[in-house]
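Undergrad: Let me begin by handing over the structure; questions about it come next.
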Amino acid sequence: MRQVVDVAEFLHCPGLILDVRSPGEFFQGHIPGAQSFPLFSNDERAEVGTCYKRQGQETAIELGLAIVGPKLAGFVTQAKALAPDRRVRLHCWRGGMRSNSMTWLLETAGFQVTLLRGGYKNFRHWVRSTLATPKTLAILGGMTGTGKTEILAALAEQGEQVLDLEDLANHRGSSYGSLGLPAQPTTEQFENHIALVWSQFNHQRPVWIEAESRRIGLCRIPDEIFQQMLQAPVLQILRSRPKRIEILRQVYGSVKPEQLIEATERLRKKLGGLRTQQAVEAIHQGDLTTAIDLVLDYYDKTYTHDLQRRGVPIHSIDIADASPATSATLLMEKTQDWLITSQTTPIATTAT
């Protein structure tokens with residue numbers, strides 16, 4: 001007998017998740033880890049939808065059956081290859097005909113199927129509700145090149161709760177942020193990933209998040225999370241400018257010069273014509289140190305402006321040449337006092 005369960009239980013049930021919506025729907029957003037298993041192609045879904053609007057439900061159902069009929073054996077063969085244990089979780093948009101039809105087919109073929117009540121639409125309601133759940137945040141600040149990403153990873157390795165937004169967005173949050181990284185997800189898919197991570201955090205412990213602008217590349221941070229970020233204390237790490245340039249050289253040193261130049265040209269209005277031309281020429285000459293130094297002034301001013309607008313306690317610590325692991329340990333030692341102090345301190349302070 002099939003199981004029909006709510007989102008929280010569905011996410012923890014055994015079995016591969018099969019998403020029977022069209023490829024286009026899946027691309028826009030899906031449950032992380034799900035496998036696209038479309039009942040209809042994009043064109044077929046559009047054809048059935050048009051038929052429904054023009055000729056009614058009965059005719060649309062007949063058309064759908066005519067389209068799907070020749071595919072039935074193929075669906076079973078594909079499902080067996082994807083889930084050899086014949087145990088799957090399955091959903092469509094709202095738990096309607098598509099998921100019920102596929103469930104009937106797979107159960108007939110001997111599969112154990114768990115259905116998501118309300119389908120992907122219900123999952124998206126769960127996402128919004130989950131993102132709105134408040135947490136205690138520790139915002140990790142620091143100018144470009146201070147190594148915040150590596151420190152976040154070290155914090156996670158040492159057992160801290162970390163939400164790495166740039167990792168989930170496949171972007172480092174600057175004009176150069178997409179270089180060397182996979183394509184970004186849609187904002188909807190970005191939200192889905194965040195919600196799954198967010199739901200696993202213990203609300204009694206702080207969650208570390210890097211200070212970010214509202215957008216990371218093309219991905220928009222959910223308002224529910226971003227508003228919490230704006231109100232949380234900032235734990236700002238400091239490094240010397242030469243050390244920051246060294247770190248950025250390590251990050252972007254293997255990127256093709258033409259890609260670096262294209263990213264620099266996107267900043268022309270903000271950098272100014274002369275500074276942009278100087279940076280581009282330095283890249284042509286293989287002098288990344290000079291190019292990075294020229295661009296850093298703009299990013300430093302932008303970072304300082306954004307930080308000052310927050311109006312929250314800012315606690316700074318100079319980590320000099322410390323490794324990510326050492327920096328993480330130092331931050332963990334300081335965090336508890338900082339978070340307690342931030343509840344009663346109305347203006348920025350500096351801790352060393």
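Residue numbering restarts at 1 for every chain of the structure tokens, chains are lettered A, B, ... in their displayed order, and ligands are numbered from 1 as they appear.
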Got a sec: who's within 8 Å of Leu16 (chain A), counting only C-alpha atoms, leaving out chain neighbours fewer than 5 positions off, as JSON, numbers by chain?

TA: {"A": [34, 35, 82, 83, 87, 88, 89]}

Undergrad: Using only C-alpha atoms, which protein or nucleic acid residues come within 12 Å of Ala109 (chain A)? Drop anything in the same chain fewer than 5 positions from it, and give the result as a CSV table (one decimal) with all heavy atoms, in the first residue's frame.

TA:
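Ended up saving to out_15.csv:
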chain,number,residue,atom,x,y,z
A,72,LEU,N,5.2,3.6,-21.3
A,72,LEU,CA,5.1,3.0,-20.0
A,72,LEU,C,6.2,2.0,-19.7
A,72,LEU,O,6.8,2.0,-18.6
A,72,LEU,CB,3.7,2.2,-19.9
A,72,LEU,CG,2.5,3.2,-20.0
A,72,LEU,CD1,1.2,2.3,-19.8
A,72,LEU,CD2,2.5,4.2,-18.9
A,73,ALA,N,6.5,1.1,-20.7
A,73,ALA,CA,7.5,0.1,-20.4
A,73,ALA,C,8.9,0.8,-20.2
A,73,ALA,O,9.7,0.3,-19.4
A,73,ALA,CB,7.6,-0.8,-21.6
A,74,GLY,N,9.1,1.9,-20.9
A,74,GLY,CA,10.4,2.6,-20.7
A,74,GLY,C,10.5,3.2,-19.4
A,74,GLY,O,11.6,3.2,-18.8
A,75,PHE,N,9.4,3.7,-18.8
A,75,PHE,CA,9.4,4.3,-17.5
A,75,PHE,C,9.8,3.2,-16.5
A,75,PHE,O,10.6,3.5,-15.6
A,75,PHE,CB,8.0,4.8,-17.1
A,75,PHE,CG,7.7,6.1,-17.8
A,75,PHE,CD1,6.4,6.4,-18.2
A,75,PHE,CD2,8.6,7.1,-17.9
A,75,PHE,CE1,6.0,7.6,-18.8
A,75,PHE,CE2,8.3,8.3,-18.5
A,75,PHE,CZ,7.0,8.5,-19.0
A,76,VAL,N,9.3,2.0,-16.6
A,76,VAL,CA,9.6,1.0,-15.6
A,76,VAL,C,11.1,0.6,-15.8
A,76,VAL,O,11.8,0.4,-14.7
A,76,VAL,CB,8.7,-0.3,-15.9
A,76,VAL,CG1,9.1,-1.4,-15.0
A,76,VAL,CG2,7.2,0.1,-15.6
A,77,THR,N,11.5,0.4,-17.0
A,77,THR,CA,13.0,0.1,-17.2
A,77,THR,C,13.9,1.1,-16.6
A,77,THR,O,14.9,0.8,-15.9
A,77,THR,CB,13.2,-0.1,-18.7
A,77,THR,OG1,12.4,-1.1,-19.2
A,77,THR,CG2,14.7,-0.4,-18.9
A,78,GLN,N,13.5,2.4,-16.8
A,78,GLN,CA,14.4,3.5,-16.3
A,78,GLN,C,14.3,3.5,-14.8
A,78,GLN,O,15.4,3.7,-14.1
A,78,GLN,CB,13.9,4.8,-16.9
A,78,GLN,CG,14.7,6.0,-16.5
A,78,GLN,CD,14.2,7.3,-17.0
A,78,GLN,OE1,13.1,7.3,-17.7
A,78,GLN,NE2,14.8,8.4,-16.7
A,79,ALA,N,13.2,3.3,-14.2
A,79,ALA,CA,13.0,3.3,-12.7
A,79,ALA,C,13.8,2.2,-12.1
A,79,ALA,O,14.5,2.4,-11.1
A,79,ALA,CB,11.6,3.2,-12.3
A,80,LYS,N,13.8,1.0,-12.7
A,80,LYS,CA,14.6,-0.1,-12.2
A,80,LYS,C,16.1,0.2,-12.2
A,80,LYS,O,16.8,-0.2,-11.3
A,80,LYS,CB,14.3,-1.4,-13.0
A,80,LYS,CG,13.0,-2.0,-12.7
A,80,LYS,CD,12.8,-3.2,-13.6
A,80,LYS,CE,11.4,-3.9,-13.3
A,80,LYS,NZ,11.2,-5.1,-14.2
A,86,ARG,N,14.0,-0.9,-5.8
A,86,ARG,CA,12.5,-0.7,-6.1
A,86,ARG,C,11.8,0.1,-4.9
A,86,ARG,O,10.6,-0.2,-4.6
A,86,ARG,CB,11.8,-2.0,-6.4
A,86,ARG,CG,12.5,-2.7,-7.5
A,86,ARG,CD,11.6,-3.7,-8.2
A,86,ARG,NE,12.3,-4.4,-9.2
A,86,ARG,CZ,11.7,-5.3,-10.1
A,86,ARG,NH1,10.4,-5.5,-10.0
A,86,ARG,NH2,12.4,-5.9,-11.1
A,87,ARG,N,12.5,1.0,-4.4
A,87,ARG,CA,11.9,1.9,-3.3
A,87,ARG,C,12.1,3.3,-3.8
A,87,ARG,O,13.3,3.8,-3.9
A,87,ARG,CB,12.5,1.6,-2.0
A,87,ARG,CG,12.0,2.5,-0.9
A,87,ARG,CD,12.7,2.1,0.5
A,87,ARG,NE,12.3,0.8,0.9
A,87,ARG,CZ,12.7,0.3,2.0
A,87,ARG,NH1,13.6,0.9,2.8
A,87,ARG,NH2,12.3,-0.9,2.4
A,102,MET,N,1.9,7.8,-12.3
A,102,MET,CA,3.2,7.2,-12.2
A,102,MET,C,3.3,6.2,-11.0
A,102,MET,O,3.9,5.2,-11.1
A,102,MET,CB,4.3,8.2,-12.1
A,102,MET,CG,5.7,7.7,-12.2
A,102,MET,SD,6.1,6.9,-13.9
A,102,MET,CE,6.3,8.4,-14.9
A,103,THR,N,2.7,6.6,-9.9
A,103,THR,CA,2.6,5.7,-8.8
A,103,THR,C,1.9,4.4,-9.1
A,103,THR,O,2.4,3.3,-8.8
A,103,THR,CB,1.9,6.4,-7.6
A,103,THR,OG1,2.7,7.5,-7.2
A,103,THR,CG2,1.8,5.5,-6.4
A,104,TRP,N,0.8,4.5,-9.8
A,104,TRP,CA,0.1,3.3,-10.2
A,104,TRP,C,1.0,2.4,-11.0
A,104,TRP,O,1.1,1.2,-10.8
A,104,TRP,CB,-1.2,3.7,-11.0
A,104,TRP,CG,-1.8,2.5,-11.7
A,104,TRP,CD1,-2.7,1.6,-11.1
A,104,TRP,CD2,-1.6,2.0,-13.0
A,104,TRP,NE1,-3.0,0.6,-12.0
A,104,TRP,CE2,-2.3,0.8,-13.2
A,104,TRP,CE3,-0.8,2.5,-14.1
A,104,TRP,CZ2,-2.3,0.2,-14.4
A,104,TRP,CZ3,-0.8,1.8,-15.3
A,104,TRP,CH2,-1.6,0.7,-15.4

Undergrad: What residues in region 4-228 of chain A get the DSSP label strand (DSSP E)? Please answer as an NGL selection string.

TA: :A and (4-5 or 16-19 or 35-36 or 87-91 or 112-116 or 137-141 or 161-163 or 207-210 or 215-216 or 219-220)

Undergrad: Please provide as a PDB file with N, CA, C and O atoms, in the first residue's frame all residues within 10 Å of Glu281 (chain A), with the sequence filter that same-chain residues fewer than 6 positions apart are discarded (counting only C-alpha atoms).

TA:
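Output file part.pdb is given in full below:
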ATOM      1  N   ILE A 261      39.862  39.990 -17.669  1.00  0.00           N
ATOM      2  CA  ILE A 261      39.679  41.292 -18.325  1.00  0.00           C
ATOM      3  C   ILE A 261      38.206  41.594 -18.509  1.00  0.00           C
ATOM      4  O   ILE A 261      37.744  42.724 -18.261  1.00  0.00           O
ATOM      5  N   ARG A 275      41.672  53.798 -14.161  1.00  0.00           N
ATOM      6  CA  ARG A 275      42.003  52.666 -13.295  1.00  0.00           C
ATOM      7  C   ARG A 275      41.669  51.332 -13.989  1.00  0.00           C
ATOM      8  O   ARG A 275      42.418  50.358 -13.854  1.00  0.00           O
ATOM      9  N   ASP A 287      50.707  40.644 -14.556  1.00  0.00           N
ATOM     10  CA  ASP A 287      50.986  41.254 -13.252  1.00  0.00           C
ATOM     11  C   ASP A 287      49.689  41.314 -12.436  1.00  0.00           C
ATOM     12  O   ASP A 287      49.070  42.374 -12.293  1.00  0.00           O
ATOM     13  N   THR A 290      49.431  43.871  -9.284  1.00  0.00           N
ATOM     14  CA  THR A 290      49.040  45.251  -9.569  1.00  0.00           C
ATOM     15  C   THR A 290      47.561  45.344  -9.914  1.00  0.00           C
ATOM     16  O   THR A 290      46.859  46.251  -9.451  1.00  0.00           O
ATOM     17  N   ALA A 291      47.072  44.414 -10.729  1.00  0.00           N
ATOM     18  CA  ALA A 291      45.662  44.436 -11.126  1.00  0.00           C
ATOM     19  C   ALA A 291      44.751  44.312  -9.910  1.00  0.00           C
ATOM     20  O   ALA A 291      43.772  45.054  -9.767  1.00  0.00           O
TER      21      ALA A 291
END

Undergrad: Within 9 Å of Thr276 (chain A), counting only C-alpha atoms, which residues qualify if same-chain residues fewer than 6 places away don't, as a list in words?

TA: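 Near neighbours after the sequence-gap exclusion: Thr264, Glu265, Leu267, Arg268, Lys269, Ala291, Leu294 and Val295 of chain A.
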
Undergrad: Given only C-alpha atoms as the basis, pick out the residue of A:Asn122, A:Gln308, A:Thr146, A:Ser22 nearest to Ser323 (chain A).

TA: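 Among the listed residues, the smallest separation from Ser323 (chain A) belongs to A:Thr146.
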
Undergrad: Residues at most 12 Å from Leu116 (chain A), counting only C-alpha atoms, excluding those fewer than 2 positions away in the same chain, as an MDAnalysis selection string?

TA: chainID A and resid 2:13 17:20 31 88:96 99:100 103 113:114 118:123

Undergrad: Could you please take those selected residues and save C-alpha atoms as an mmCIF file, in the first residue's frame?

TA:
data_model
loop_
_atom_site.group_PDB
_atom_site.id
_atom_site.type_symbol
_atom_site.label_atom_id
_atom_site.label_comp_id
_atom_site.auth_asym_id
_atom_site.auth_seq_id
_atom_site.Cartn_x
_atom_site.Cartn_y
_atom_site.Cartn_z
ATOM 1 C CA ARG A 2 1.323 3.409 -0.951
ATOM 2 C CA GLN A 3 2.268 6.006 1.642
ATOM 3 C CA VAL A 4 1.197 9.643 1.292
ATOM 4 C CA VAL A 5 3.188 11.826 3.670
ATOM 5 C CA ASP A 6 3.869 15.485 4.452
ATOM 6 C CA VAL A 7 7.099 17.264 3.547
ATOM 7 C CA ALA A 8 9.049 16.719 6.778
ATOM 8 C CA GLU A 9 8.472 12.963 6.695
ATOM 9 C CA PHE A 10 8.948 12.752 2.912
ATOM 10 C CA LEU A 11 12.420 14.277 3.179
ATOM 11 C CA HIS A 12 13.526 11.596 5.637
ATOM 12 C CA CYS A 13 11.888 8.558 4.045
ATOM 13 C CA ILE A 17 13.123 11.015 -5.147
ATOM 14 C CA LEU A 18 11.546 10.963 -8.616
ATOM 15 C CA ASP A 19 10.180 14.299 -9.835
ATOM 16 C CA VAL A 20 7.657 13.563 -12.578
ATOM 17 C CA ILE A 31 13.897 19.171 -4.128
ATOM 18 C CA VAL A 88 11.164 5.459 -4.460
ATOM 19 C CA ARG A 89 9.685 8.729 -3.296
ATOM 20 C CA LEU A 90 7.626 10.498 -5.918
ATOM 21 C CA HIS A 91 5.866 13.792 -6.551
ATOM 22 C CA CYS A 92 4.509 16.110 -9.237
ATOM 23 C CA TRP A 93 3.418 19.755 -8.919
ATOM 24 C CA ARG A 94 0.563 19.371 -6.427
ATOM 25 C CA GLY A 95 0.007 15.658 -5.921
ATOM 26 C CA GLY A 96 -2.430 15.245 -8.811
ATOM 27 C CA SER A 99 2.156 11.574 -9.674
ATOM 28 C CA ASN A 100 -0.825 9.279 -9.139
ATOM 29 C CA THR A 103 2.643 5.705 -8.778
ATOM 30 C CA VAL A 113 6.235 4.256 -3.560
ATOM 31 C CA THR A 114 5.998 7.116 -1.059
ATOM 32 C CA GLY A 118 0.480 18.349 -2.024
ATOM 33 C CA GLY A 119 3.467 17.782 -4.310
ATOM 34 C CA TYR A 120 6.240 20.261 -5.019
ATOM 35 C CA LYS A 121 3.835 23.134 -4.334
ATOM 36 C CA ASN A 122 3.578 21.955 -0.732
ATOM 37 C CA PHE A 123 7.377 21.628 -0.557
#
